[in-house]
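*Asks:* This is the structure I have questions about; it appears just below.
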Amino acid sequence: MSSTELILRDPLGERALSAADFPVSVGGPGHTIVLPGASAGTLAWIALHDGQLFLQPAEGCAPPLCNGVPVSRPAWLHEDDVIDVARGRLRVGARDGRRILDVEDGSGGNLTVPPEAPLVDVVSGGGDDGDERIDAVAFRRPAAQAASARRSGPWLVGGLFVAVLGWATWFFATGHAVKIDVAPADSAVRLHGGLVLPVGGNHFARPGEYTVEIQRKGYVSLRAPIKVTDAPNQSFQYRLAKLPGILQVQSPVAARISVAGKDVGSAPGEVRLPAGRHEVLVTALRYLPFKATVDIKGMEQRQLLTAKLIAAWAPVTVLTEPTGATVLVDGNAQGATPAQLELDAGTHRIELRQAGFKHWVTDLQVVANQPQTLGPVRLGLPDGTLIVRTDPVGASVSVGGAFRGRAPVTLDVRPDVALALVASREGYEPGTTQLTVGAGERREVQLSLTPIFGEVTVMAEPASAEVFANGRSVGKSGQAIKLPAARTDIEVRLAGFRPYRTAITPRPGLPQVLNVRLEAGQVAAVAPPATVAAAAGGAAAAGAASGDGATASASKALAPTIRTKSGAELRLLGPASFTMGSPRRESGRRANESQRAVELRRRFYLATRAVTNGEFKQFRAQHRSGFVGQNSLELERHPVVNVTWQDAAEYCNWLSLQDGLPPAYQSQGGKLVLAQPATTGYRLPTEAEWEWAARANRDGSLRKYPWGDALPVPAGAGNFGDRRAQPLLQTVLADLDDGYPATAPTGSFAPNPLGFYDLGGNVAEWTTDLYAVQPASSTVVVDPLSAAPGNMHVIRGSSWRHATVTELRAAFRDSDNGRRDDVGFRIARYAE
């Protein structure tokens, strides 16, 4: 260390003190450190021991304060210590490796003395904090210094006055007023780094570098460097930040507290939050989340938030007759009936099992904090099992008039009930029987079907041509052939001539003649067109036939309705011609509704209802349509939703397989696309097919809305965004109450003129087409199908979410490639 132990800076300037100058006395005039208003006596000593400064109070005087604590015995001094003696203040600091003692005599502003704390023996250096203990030393001022002070006191005061006056003149001549604006305005402001005088609300200081210190209760203290220059009217602005507030969160159970998605603590408990508005989330296991918006005042003020947590479960009582049935919830056993359960809110699969009785299964919707009772459920006797085989195989099997599948088939049937069993196949007499199957019994039945024959004569030119039926030779032309009364492939061959192929359905009791002329060296022509004529009465037979070289004319009769194996009904439509889209001036029209002339030439079947949850779960049992608010979308008769286009296509292929039809979609690049050429398997309707079914009246005119041509929506027209959906939707039809806030069971409202349900309302529906905006065109397009690039598919129809003129119109078009809680689908297939 250099010989300089301390730099003393006071209003008279800067002085360097060496070890020989210690101890340093603090008091009034005549002392090394002179404080205003102090008496001539010594108030305190600053001494040096082994190079370390310490403070010792003078005997018989009020103890000085060190960092706001009264000091009654010697205490070590450290950097940043503040000593308050009389009306002066000393600050211990360091710069460039040198210790500095700044003397503040109050000329830089009022000094705020800390509140007096209880008297203690030691502030620092007392031994309890690891420093060496200091014993008091009997310091005395040198006699010469004291005598000199008495003799020169009056002269010294006079000289000091002259020096101060000169210094003041110089200070004000070279200093500048500095304005410091602070928010809040009543904050305490101090400048450190030199002499600063308060003048008219400003601070007067000479050019140089200073540190501003700003403090206010409840705010974060601020220390910042500022530089005073010779420029006039210097101003500095500062804003103190509020200290965080303390939010006390009370909760009935242990919970976690999150703010802006970040976990900040546990409840019950306290968290410190910055002043301002905060979204507070309190979560606990098996309770609904509690959300609250809290305006934190800050400034370490305490605020209380009581989290009213609502149980996210409800008590459920399960009763059965007889009792003792095992209760399974989502596949997990939960006890035996009568059972008291606590189930989380949502949909649960409840299964009841008891030996000797039929298993009972249902989906139960549990609403948070709403107790409910299930039952008493009367458990029935177990089903019987019936295995039906037919000869030939593939016959349609119905029980009690309801189609149940194609043989061979295994059926669950009601026990101890007389069952009327019918097996039918085209070209065969139906096979019937009545039987009873006992509870839990497994029974097998075999039905042999008697074929029905019709007579067909093929008259060919040349007459030596050979005739084949279903690939088997049946002789030369001109012979009467006895064939089963079912669709039969006929081929006529002769060497040197092009073969002729067609299909015909023989009719019992109605002999038919097929006239064919073969052409050599080219495709056989029709001259006149080959005809299937009735041998008796000359009446033309129904049905149509087409071949490579000739055509047998016949109109094939198609069933007006068919049913899938799952029981869904489809209606026959087409052919038809109409104009898709909407006119330019139609209210609510969108730009993607260009008008196009369309002809539906190929007849098709369309399902009368959308696919339900119950039907879709036969294909994919784990599917969940979900909830919206507290409303379940899972109920069995409600339309399935939250399915992608690919999900719908996969269901169609699965259903085709169940019904023995070729799949309508094929895999391409990991995705399903419509097979080419199109098959008769189940598929989604094309956009044109959907629009015709939704808009057509019986006279061929088109509707604007699903219910007609004008608003408002009449009661019973469908399931739209009505006032019951107001908690879920921003826009609703306030004057409409359709009875359902979200989805409704399919077929809950009247069908349209063509017999289809919910082609407006309930759920919007996927179509096969890829989405594109087609230009307006008057050129007729036959059986259109959009194959635009991309993966967005067309969605048609309004849903329970829709309430505007644009969406309610039957021409409304939408698109998507994901899942939605208001989009489902219905199936279609080509008739032939």
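A note on labels: chains of the structure tokens are A, B, ... as shown, every chain counts residues from 1, and ligands are counted from 1 in their shown order.
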Go through range 327-434 of chain A and flag each residue having an atom no more than 8 Å from range 297-313 of chain A; for those, report the closest pair of atoms plus their distance in Å to one decimal, using only C-alpha atoms, ordered by chain and rising number, as JSON lines.

*Replies:*
```
{"residue": "A:Glu342", "atom": "CA", "partner": "A:Trp313", "partner_atom": "CA", "distance": 6.3}
{"residue": "A:Leu343", "atom": "CA", "partner": "A:Trp313", "partner_atom": "CA", "distance": 5.2}
{"residue": "A:Asp344", "atom": "CA", "partner": "A:Trp313", "partner_atom": "CA", "distance": 4.0}
{"residue": "A:Ala345", "atom": "CA", "partner": "A:Trp313", "partner_atom": "CA", "distance": 5.0}
{"residue": "A:Val366", "atom": "CA", "partner": "A:Trp313", "partner_atom": "CA", "distance": 7.5}
{"residue": "A:Val367", "atom": "CA", "partner": "A:Trp313", "partner_atom": "CA", "distance": 7.2}
{"residue": "A:Ala368", "atom": "CA", "partner": "A:Ala312", "partner_atom": "CA", "distance": 4.7}
{"residue": "A:Asn369", "atom": "CA", "partner": "A:Ala311", "partner_atom": "CA", "distance": 5.7}
```

*Asks:* For the selection you just gave me, I'd like the residues written to a file as a compact mmCIF listing (two decimals), in the first residue's frame, keeping C-alpha atoms.

*Replies:*
```txt
# COMPACT_ATOMS: atom_id res chain seq x y z
CA GLU A 342 -66.46 -40.98 -8.44
CA LEU A 343 -65.98 -40.46 -12.19
CA ASP A 344 -64.13 -37.65 -13.93
CA ALA A 345 -66.19 -35.38 -16.17
CA VAL A 366 -70.60 -37.32 -16.58
CA VAL A 367 -71.01 -33.60 -15.87
CA ALA A 368 -68.67 -32.13 -13.29
CA ASN A 369 -70.16 -31.84 -9.81
```

*Asks:* Report as a PDB file with N, CA, C and O atoms, in the first residue's frame all protein, DNA and RNA residues lying within 12 Å of range 173-189 of chain A, evaluated on only C-alpha atoms, omitting residues in the same chain fewer than 4 positions from it.

*Replies:*
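The resulting file, around.pdb, is reproduced below:
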```
ATOM      1  N   GLY A 108     -25.570  19.809   0.086  1.00  0.00           N
ATOM      2  CA  GLY A 108     -26.097  19.224  -1.157  1.00  0.00           C
ATOM      3  C   GLY A 108     -27.557  18.872  -1.058  1.00  0.00           C
ATOM      4  O   GLY A 108     -28.117  18.274  -1.934  1.00  0.00           O
ATOM      5  N   GLY A 109     -28.220  19.244  -0.020  1.00  0.00           N
ATOM      6  CA  GLY A 109     -29.622  18.899   0.186  1.00  0.00           C
ATOM      7  C   GLY A 109     -29.814  18.380   1.592  1.00  0.00           C
ATOM      8  O   GLY A 109     -28.869  18.087   2.318  1.00  0.00           O
ATOM      9  N   ASN A 110     -31.081  18.263   1.979  1.00  0.00           N
ATOM     10  CA  ASN A 110     -31.358  17.770   3.327  1.00  0.00           C
ATOM     11  C   ASN A 110     -30.929  16.334   3.444  1.00  0.00           C
ATOM     12  O   ASN A 110     -31.200  15.503   2.583  1.00  0.00           O
ATOM     13  N   LEU A 111     -30.257  16.032   4.553  1.00  0.00           N
ATOM     14  CA  LEU A 111     -29.829  14.663   4.804  1.00  0.00           C
ATOM     15  C   LEU A 111     -30.916  13.966   5.608  1.00  0.00           C
ATOM     16  O   LEU A 111     -31.366  14.466   6.631  1.00  0.00           O
ATOM     17  N   THR A 112     -31.329  12.836   5.121  1.00  0.00           N
ATOM     18  CA  THR A 112     -32.339  12.063   5.836  1.00  0.00           C
ATOM     19  C   THR A 112     -31.647  11.069   6.745  1.00  0.00           C
ATOM     20  O   THR A 112     -30.981  10.148   6.291  1.00  0.00           O
ATOM     21  N   GLY A 166     -15.022  32.892  -0.891  1.00  0.00           N
ATOM     22  CA  GLY A 166     -14.337  32.849  -2.190  1.00  0.00           C
ATOM     23  C   GLY A 166     -14.660  31.574  -2.959  1.00  0.00           C
ATOM     24  O   GLY A 166     -14.862  31.587  -4.184  1.00  0.00           O
ATOM     25  N   TRP A 167     -14.667  30.521  -2.169  1.00  0.00           N
ATOM     26  CA  TRP A 167     -14.994  29.236  -2.838  1.00  0.00           C
ATOM     27  C   TRP A 167     -16.413  29.239  -3.398  1.00  0.00           C
ATOM     28  O   TRP A 167     -16.666  28.766  -4.500  1.00  0.00           O
ATOM     29  N   ALA A 168     -17.359  29.803  -2.644  1.00  0.00           N
ATOM     30  CA  ALA A 168     -18.746  29.844  -3.095  1.00  0.00           C
ATOM     31  C   ALA A 168     -18.887  30.659  -4.366  1.00  0.00           C
ATOM     32  O   ALA A 168     -19.631  30.312  -5.292  1.00  0.00           O
ATOM     33  N   THR A 169     -18.130  31.817  -4.380  1.00  0.00           N
ATOM     34  CA  THR A 169     -18.186  32.655  -5.589  1.00  0.00           C
ATOM     35  C   THR A 169     -17.698  31.875  -6.796  1.00  0.00           C
ATOM     36  O   THR A 169     -18.302  31.885  -7.882  1.00  0.00           O
ATOM     37  N   GLY A 194     -19.592  14.796  -5.776  1.00  0.00           N
ATOM     38  CA  GLY A 194     -19.092  16.160  -5.626  1.00  0.00           C
ATOM     39  C   GLY A 194     -20.117  17.004  -4.909  1.00  0.00           C
ATOM     40  O   GLY A 194     -21.203  16.532  -4.542  1.00  0.00           O
ATOM     41  N   LEU A 195     -19.780  18.288  -4.714  1.00  0.00           N
ATOM     42  CA  LEU A 195     -20.676  19.190  -4.006  1.00  0.00           C
ATOM     43  C   LEU A 195     -21.844  19.550  -4.902  1.00  0.00           C
ATOM     44  O   LEU A 195     -21.668  19.951  -6.054  1.00  0.00           O
ATOM     45  N   VAL A 196     -23.060  19.394  -4.361  1.00  0.00           N
ATOM     46  CA  VAL A 196     -24.283  19.710  -5.077  1.00  0.00           C
ATOM     47  C   VAL A 196     -25.161  20.524  -4.147  1.00  0.00           C
ATOM     48  O   VAL A 196     -25.369  20.155  -2.987  1.00  0.00           O
ATOM     49  N   LEU A 197     -25.685  21.653  -4.636  1.00  0.00           N
ATOM     50  CA  LEU A 197     -26.539  22.522  -3.830  1.00  0.00           C
ATOM     51  C   LEU A 197     -27.939  22.555  -4.416  1.00  0.00           C
ATOM     52  O   LEU A 197     -28.100  22.678  -5.629  1.00  0.00           O
ATOM     53  N   PRO A 198     -28.987  22.436  -3.558  1.00  0.00           N
ATOM     54  CA  PRO A 198     -30.362  22.568  -4.061  1.00  0.00           C
ATOM     55  C   PRO A 198     -30.678  24.034  -4.298  1.00  0.00           C
ATOM     56  O   PRO A 198     -30.481  24.874  -3.428  1.00  0.00           O
ATOM     57  N   VAL A 199     -31.177  24.342  -5.491  1.00  0.00           N
ATOM     58  CA  VAL A 199     -31.510  25.718  -5.858  1.00  0.00           C
ATOM     59  C   VAL A 199     -32.841  25.711  -6.588  1.00  0.00           C
ATOM     60  O   VAL A 199     -32.927  25.203  -7.719  1.00  0.00           O
ATOM     61  N   GLY A 200     -33.884  26.249  -5.949  1.00  0.00           N
ATOM     62  CA  GLY A 200     -35.177  26.406  -6.609  1.00  0.00           C
ATOM     63  C   GLY A 200     -35.740  25.124  -7.186  1.00  0.00           C
ATOM     64  O   GLY A 200     -36.279  25.142  -8.301  1.00  0.00           O
ATOM     65  N   GLY A 201     -35.617  24.021  -6.482  1.00  0.00           N
ATOM     66  CA  GLY A 201     -36.152  22.766  -6.975  1.00  0.00           C
ATOM     67  C   GLY A 201     -35.212  22.030  -7.896  1.00  0.00           C
ATOM     68  O   GLY A 201     -35.495  20.889  -8.288  1.00  0.00           O
ATOM     69  N   ASN A 202     -34.097  22.667  -8.294  1.00  0.00           N
ATOM     70  CA  ASN A 202     -33.090  22.007  -9.120  1.00  0.00           C
ATOM     71  C   ASN A 202     -31.875  21.682  -8.264  1.00  0.00           C
ATOM     72  O   ASN A 202     -31.832  21.953  -7.065  1.00  0.00           O
ATOM     73  N   HIS A 203     -30.863  21.112  -8.900  1.00  0.00           N
ATOM     74  CA  HIS A 203     -29.591  20.844  -8.252  1.00  0.00           C
ATOM     75  C   HIS A 203     -28.514  21.645  -8.972  1.00  0.00           C
ATOM     76  O   HIS A 203     -28.457  21.633 -10.201  1.00  0.00           O
ATOM     77  N   PHE A 204     -27.651  22.324  -8.158  1.00  0.00           N
ATOM     78  CA  PHE A 204     -26.581  23.134  -8.727  1.00  0.00           C
ATOM     79  C   PHE A 204     -25.270  22.373  -8.553  1.00  0.00           C
ATOM     80  O   PHE A 204     -24.890  22.013  -7.435  1.00  0.00           O
ATOM     81  N   ALA A 205     -24.588  22.099  -9.640  1.00  0.00           N
ATOM     82  CA  ALA A 205     -23.358  21.306  -9.584  1.00  0.00           C
ATOM     83  C   ALA A 205     -22.412  21.762 -10.678  1.00  0.00           C
ATOM     84  O   ALA A 205     -22.830  22.296 -11.716  1.00  0.00           O
ATOM     85  N   ARG A 206     -21.122  21.532 -10.408  1.00  0.00           N
ATOM     86  CA  ARG A 206     -20.110  21.862 -11.414  1.00  0.00           C
ATOM     87  C   ARG A 206     -20.050  20.740 -12.442  1.00  0.00           C
ATOM     88  O   ARG A 206     -20.466  19.608 -12.188  1.00  0.00           O
ATOM     89  N   PRO A 207     -19.542  21.003 -13.661  1.00  0.00           N
ATOM     90  CA  PRO A 207     -19.415  19.942 -14.670  1.00  0.00           C
ATOM     91  C   PRO A 207     -18.605  18.778 -14.124  1.00  0.00           C
ATOM     92  O   PRO A 207     -17.622  18.959 -13.414  1.00  0.00           O
ATOM     93  N   GLY A 208     -19.042  17.582 -14.478  1.00  0.00           N
ATOM     94  CA  GLY A 208     -18.358  16.374 -14.033  1.00  0.00           C
ATOM     95  C   GLY A 208     -19.304  15.183 -14.032  1.00  0.00           C
ATOM     96  O   GLY A 208     -20.468  15.277 -14.442  1.00  0.00           O
ATOM     97  N   TYR A 210     -21.414  12.300 -12.029  1.00  0.00           N
ATOM     98  CA  TYR A 210     -22.090  12.133 -10.754  1.00  0.00           C
ATOM     99  C   TYR A 210     -22.900  10.838 -10.794  1.00  0.00           C
ATOM    100  O   TYR A 210     -23.120  10.233 -11.858  1.00  0.00           O
ATOM    101  N   THR A 211     -23.366  10.451  -9.631  1.00  0.00           N
ATOM    102  CA  THR A 211     -24.289   9.320  -9.516  1.00  0.00           C
ATOM    103  C   THR A 211     -25.562   9.828  -8.858  1.00  0.00           C
ATOM    104  O   THR A 211     -25.515  10.413  -7.775  1.00  0.00           O
ATOM    105  N   VAL A 212     -26.717   9.597  -9.542  1.00  0.00           N
ATOM    106  CA  VAL A 212     -27.989   9.994  -8.964  1.00  0.00           C
ATOM    107  C   VAL A 212     -28.583   8.792  -8.247  1.00  0.00           C
ATOM    108  O   VAL A 212     -28.546   7.671  -8.744  1.00  0.00           O
ATOM    109  N   GLU A 213     -29.063   9.041  -7.059  1.00  0.00           N
ATOM    110  CA  GLU A 213     -29.703   7.997  -6.254  1.00  0.00           C
ATOM    111  C   GLU A 213     -31.121   8.446  -5.949  1.00  0.00           C
ATOM    112  O   GLU A 213     -31.338   9.537  -5.405  1.00  0.00           O
ATOM    113  N   ILE A 214     -32.112   7.593  -6.314  1.00  0.00           N
ATOM    114  CA  ILE A 214     -33.523   7.932  -6.158  1.00  0.00           C
ATOM    115  C   ILE A 214     -34.184   6.821  -5.360  1.00  0.00           C
ATOM    116  O   ILE A 214     -34.039   5.636  -5.698  1.00  0.00           O
ATOM    117  N   GLN A 215     -34.917   7.222  -4.330  1.00  0.00           N
ATOM    118  CA  GLN A 215     -35.559   6.237  -3.465  1.00  0.00           C
ATOM    119  C   GLN A 215     -36.967   6.679  -3.127  1.00  0.00           C
ATOM    120  O   GLN A 215     -37.262   7.878  -3.035  1.00  0.00           O
ATOM    121  N   ARG A 216     -37.858   5.679  -3.009  1.00  0.00           N
ATOM    122  CA  ARG A 216     -39.208   5.925  -2.501  1.00  0.00           C
ATOM    123  C   ARG A 216     -39.766   4.615  -1.985  1.00  0.00           C
ATOM    124  O   ARG A 216     -39.527   3.560  -2.572  1.00  0.00           O
ATOM    125  N   LYS A 217     -40.465   4.693  -0.914  1.00  0.00           N
ATOM    126  CA  LYS A 217     -41.039   3.490  -0.329  1.00  0.00           C
ATOM    127  C   LYS A 217     -42.008   2.846  -1.313  1.00  0.00           C
ATOM    128  O   LYS A 217     -42.857   3.515  -1.895  1.00  0.00           O
ATOM    129  N   GLY A 218     -41.868   1.529  -1.461  1.00  0.00           N
ATOM    130  CA  GLY A 218     -42.738   0.797  -2.370  1.00  0.00           C
ATOM    131  C   GLY A 218     -42.229   0.725  -3.787  1.00  0.00           C
ATOM    132  O   GLY A 218     -42.866   0.110  -4.640  1.00  0.00           O
ATOM    133  N   TYR A 219     -41.078   1.338  -4.062  1.00  0.00           N
ATOM    134  CA  TYR A 219     -40.517   1.350  -5.407  1.00  0.00           C
ATOM    135  C   TYR A 219     -39.093   0.805  -5.380  1.00  0.00           C
ATOM    136  O   TYR A 219     -38.414   0.839  -4.343  1.00  0.00           O
ATOM    137  N   VAL A 220     -38.637   0.330  -6.510  1.00  0.00           N
ATOM    138  CA  VAL A 220     -37.273  -0.164  -6.638  1.00  0.00           C
ATOM    139  C   VAL A 220     -36.325   1.030  -6.689  1.00  0.00           C
ATOM    140  O   VAL A 220     -36.501   1.932  -7.523  1.00  0.00           O
ATOM    141  N   SER A 221     -35.347   1.092  -5.753  1.00  0.00           N
ATOM    142  CA  SER A 221     -34.387   2.194  -5.738  1.00  0.00           C
ATOM    143  C   SER A 221     -33.578   2.204  -7.029  1.00  0.00           C
ATOM    144  O   SER A 221     -33.322   1.158  -7.637  1.00  0.00           O
ATOM    145  N   LEU A 222     -33.168   3.406  -7.405  1.00  0.00           N
ATOM    146  CA  LEU A 222     -32.454   3.565  -8.677  1.00  0.00           C
ATOM    147  C   LEU A 222     -31.154   4.303  -8.444  1.00  0.00           C
ATOM    148  O   LEU A 222     -31.131   5.327  -7.736  1.00  0.00           O
ATOM    149  N   ARG A 223     -30.074   3.808  -8.983  1.00  0.00           N
ATOM    150  CA  ARG A 223     -28.777   4.479  -9.006  1.00  0.00           C
ATOM    151  C   ARG A 223     -28.309   4.492 -10.457  1.00  0.00           C
ATOM    152  O   ARG A 223     -28.260   3.450 -11.109  1.00  0.00           O
ATOM    153  N   ALA A 224     -27.983   5.690 -10.937  1.00  0.00           N
ATOM    154  CA  ALA A 224     -27.588   5.800 -12.344  1.00  0.00           C
ATOM    155  C   ALA A 224     -26.543   6.894 -12.494  1.00  0.00           C
ATOM    156  O   ALA A 224     -26.596   7.916 -11.797  1.00  0.00           O
ATOM    157  N   ILE A 226     -24.799  10.113 -14.199  1.00  0.00           N
ATOM    158  CA  ILE A 226     -25.169  11.226 -15.071  1.00  0.00           C
ATOM    159  C   ILE A 226     -23.935  12.100 -15.259  1.00  0.00           C
ATOM    160  O   ILE A 226     -23.024  12.125 -14.423  1.00  0.00           O
ATOM    161  N   LYS A 227     -23.912  12.823 -16.329  1.00  0.00           N
ATOM    162  CA  LYS A 227     -22.784  13.691 -16.637  1.00  0.00           C
ATOM    163  C   LYS A 227     -23.288  15.113 -16.797  1.00  0.00           C
ATOM    164  O   LYS A 227     -24.134  15.400 -17.644  1.00  0.00           O
ATOM    165  N   VAL A 228     -22.748  16.008 -15.933  1.00  0.00           N
ATOM    166  CA  VAL A 228     -23.100  17.427 -15.992  1.00  0.00           C
ATOM    167  C   VAL A 228     -22.099  18.125 -16.907  1.00  0.00           C
ATOM    168  O   VAL A 228     -20.884  17.982 -16.759  1.00  0.00           O
ATOM    169  N   THR A 229     -22.626  18.840 -17.876  1.00  0.00           N
ATOM    170  CA  THR A 229     -21.774  19.546 -18.840  1.00  0.00           C
ATOM    171  C   THR A 229     -21.999  21.041 -18.721  1.00  0.00           C
ATOM    172  O   THR A 229     -22.729  21.516 -17.837  1.00  0.00           O
ATOM    173  N   ASP A 230     -21.368  21.786 -19.611  1.00  0.00           N
ATOM    174  CA  ASP A 230     -21.536  23.246 -19.620  1.00  0.00           C
ATOM    175  C   ASP A 230     -22.803  23.677 -20.336  1.00  0.00           C
ATOM    176  O   ASP A 230     -23.071  24.880 -20.453  1.00  0.00           O
ATOM    177  N   ALA A 231     -23.563  22.728 -20.862  1.00  0.00           N
ATOM    178  CA  ALA A 231     -24.780  23.082 -21.589  1.00  0.00           C
ATOM    179  C   ALA A 231     -25.816  23.652 -20.620  1.00  0.00           C
ATOM    180  O   ALA A 231     -25.931  23.195 -19.484  1.00  0.00           O
ATOM    181  N   PRO A 232     -26.576  24.666 -21.048  1.00  0.00           N
ATOM    182  CA  PRO A 232     -27.610  25.250 -20.173  1.00  0.00           C
ATOM    183  C   PRO A 232     -28.838  24.342 -20.108  1.00  0.00           C
ATOM    184  O   PRO A 232     -29.075  23.522 -20.989  1.00  0.00           O
ATOM    185  N   ASN A 233     -29.616  24.521 -19.049  1.00  0.00           N
ATOM    186  CA  ASN A 233     -30.920  23.857 -18.889  1.00  0.00           C
ATOM    187  C   ASN A 233     -30.834  22.333 -19.056  1.00  0.00           C
ATOM    188  O   ASN A 233     -31.583  21.721 -19.819  1.00  0.00           O
ATOM    189  N   GLN A 234     -29.902  21.730 -18.346  1.00  0.00           N
ATOM    190  CA  GLN A 234     -29.782  20.279 -18.430  1.00  0.00           C
ATOM    191  C   GLN A 234     -30.888  19.616 -17.607  1.00  0.00           C
ATOM    192  O   GLN A 234     -31.204  20.059 -16.512  1.00  0.00           O
ATOM    193  N   SER A 235     -31.461  18.550 -18.203  1.00  0.00           N
ATOM    194  CA  SER A 235     -32.591  17.880 -17.556  1.00  0.00           C
ATOM    195  C   SER A 235     -32.437  16.377 -17.727  1.00  0.00           C
ATOM    196  O   SER A 235     -32.006  15.897 -18.776  1.00  0.00           O
ATOM    197  N   PHE A 236     -32.812  15.655 -16.666  1.00  0.00           N
ATOM    198  CA  PHE A 236     -32.786  14.197 -16.685  1.00  0.00           C
ATOM    199  C   PHE A 236     -34.127  13.687 -16.171  1.00  0.00           C
ATOM    200  O   PHE A 236     -34.687  14.258 -15.229  1.00  0.00           O
ATOM    201  N   GLN A 237     -34.666  12.629 -16.821  1.00  0.00           N
ATOM    202  CA  GLN A 237     -35.959  12.071 -16.424  1.00  0.00           C
ATOM    203  C   GLN A 237     -35.782  10.603 -16.003  1.00  0.00           C
ATOM    204  O   GLN A 237     -35.071   9.841 -16.658  1.00  0.00           O
ATOM    205  N   TYR A 238     -36.453  10.246 -14.923  1.00  0.00           N
ATOM    206  CA  TYR A 238     -36.404   8.880 -14.409  1.00  0.00           C
ATOM    207  C   TYR A 238     -37.791   8.476 -13.927  1.00  0.00           C
ATOM    208  O   TYR A 238     -38.569   9.325 -13.469  1.00  0.00           O
ATOM    209  N   ARG A 239     -38.086   7.198 -14.068  1.00  0.00           N
ATOM    210  CA  ARG A 239     -39.344   6.641 -13.548  1.00  0.00           C
ATOM    211  C   ARG A 239     -39.015   5.397 -12.734  1.00  0.00           C
ATOM    212  O   ARG A 239     -38.385   4.466 -13.236  1.00  0.00           O
ATOM    213  N   LEU A 240     -39.423   5.434 -11.479  1.00  0.00           N
ATOM    214  CA  LEU A 240     -39.182   4.292 -10.610  1.00  0.00           C
ATOM    215  C   LEU A 240     -40.204   3.191 -10.880  1.00  0.00           C
ATOM    216  O   LEU A 240     -41.387   3.477 -11.123  1.00  0.00           O
ATOM    217  N   ALA A 241     -39.735   1.977 -10.855  1.00  0.00           N
ATOM    218  CA  ALA A 241     -40.618   0.820 -11.018  1.00  0.00           C
ATOM    219  C   ALA A 241     -41.157   0.400  -9.667  1.00  0.00           C
ATOM    220  O   ALA A 241     -40.425   0.389  -8.665  1.00  0.00           O
ATOM    221  N   LYS A 242     -42.447   0.051  -9.664  1.00  0.00           N
ATOM    222  CA  LYS A 242     -43.039  -0.402  -8.413  1.00  0.00           C
ATOM    223  C   LYS A 242     -42.451  -1.749  -8.003  1.00  0.00           C
ATOM    224  O   LYS A 242     -42.140  -2.591  -8.859  1.00  0.00           O
TER     225      LYS A 242
END
```

*Asks:* Please, which residues in range 686-752 of chain A fall within 10 Å of range 570-592 of chain A when counting only C-alpha atoms, and what is the closest atom pair and distance in Å to one decimal for each, ordered by chain then residue number, as a tab-separated table?

*Replies:*
```
residue	atom	partner	partner_atom	distance
A:Glu687	CA	A:Met580	CA	9.4
A:Ala688	CA	A:Met580	CA	7.1
A:Glu689	CA	A:Leu573	CA	8.7
A:Glu691	CA	A:Met580	CA	7.3
A:Trp692	CA	A:Phe578	CA	7.7
A:Ala693	CA	A:Leu573	CA	8.0
A:Arg695	CA	A:Met580	CA	9.6
A:Ala696	CA	A:Phe578	CA	8.8
A:Gly700	CA	A:Phe578	CA	8.0
A:Ser701	CA	A:Phe578	CA	8.4
A:Leu702	CA	A:Phe578	CA	8.3
A:Lys704	CA	A:Ser582	CA	8.6
```

*Asks:* Given only C-alpha atoms as the basis, pick out the residue of A:Val643, A:Ala675, A:Val24, A:Gln354 nearest to Arg620 in chain A.

*Replies:*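 For Arg620 in chain A, the nearest of the given residues is A:Val643.
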
*Asks:* Excluding range 793-805 of chain A and its own-chain neighbours fewer than 4 positions away, which residues fall within 7 Å of it when counting only C-alpha atoms? Please give them as a ChimeraX atom specification.

*Replies:* /A:588,719-721,729,731-733,742-743,759-767,769-771,809-810,812-817,822

*Asks:* Quick one: of A:Pro274, A:Pro714, A:Pro499, A:Gly68, who's nearest to Ala465 in chain A, counting only C-alpha atoms?

*Replies:*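 Comparing A:Pro274, A:Pro714, A:Pro499, A:Gly68 against Ala465 in chain A, the winner is A:Pro499.
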
*Asks:* Neighbours of range 447-455 of chain A within 7 Å (only C-alpha atoms; same-chain residues fewer than 4 positions away dropped), as a ChimeraX atom specification?

*Replies:* /A:389-392,427-431,480-485,506-512

*Asks:* Among range 362-549 of chain A, which residues does DSSP mark as strand (DSSP E) when it is run on the backbone? Keep the chain and numbering as in the structure and answer as an MDAnalysis selection string.

*Replies:* chainID A and resid 362:366 372:378 384:391 396:399 402:406 409:413 419:424 431:435 442:448 453:461 466:469 472:476 480:484 488:493 500:504 512:517 532:534

*Asks:* So how many Å separate CA of Leu352 in chain A and CA of Ala325 in chain A, to one decimal?

*Replies:*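 Going from CA of Leu352 in chain A over to CA of Ala325 in chain A covers 6.0 Å.
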
*Asks:* Could you tell me which of A:Val103, A:Gly37, A:Val69, A:Ile504 comes closest to Gly13 in chain A if we count only C-alpha atoms?

*Replies:*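 Of the candidates, the smallest distance to Gly13 in chain A is held by A:Val103.
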
*Asks:* Mind checking which residues fall within 12 Å of Gln622 in chain A, counting only C-alpha atoms, ignoring those fewer than 6 positions away in the same chain, and posting them as a CSV table (one decimal) with C-alpha atoms, in the first residue's frame?

*Replies:*
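Heads up, here's the output in result18.csv:
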```
chain,number,residue,atom,x,y,z
A,330,ASP,CA,-63.5,-47.8,-19.5
A,331,GLY,CA,-62.4,-51.4,-19.2
A,348,HIS,CA,-67.1,-43.1,-20.0
A,349,ARG,CA,-67.9,-46.6,-21.3
A,613,ASN,CA,-71.2,-42.6,-33.7
A,614,GLY,CA,-72.7,-46.1,-33.2
A,616,PHE,CA,-68.6,-45.6,-37.0
A,634,GLU,CA,-70.4,-39.0,-28.4
```
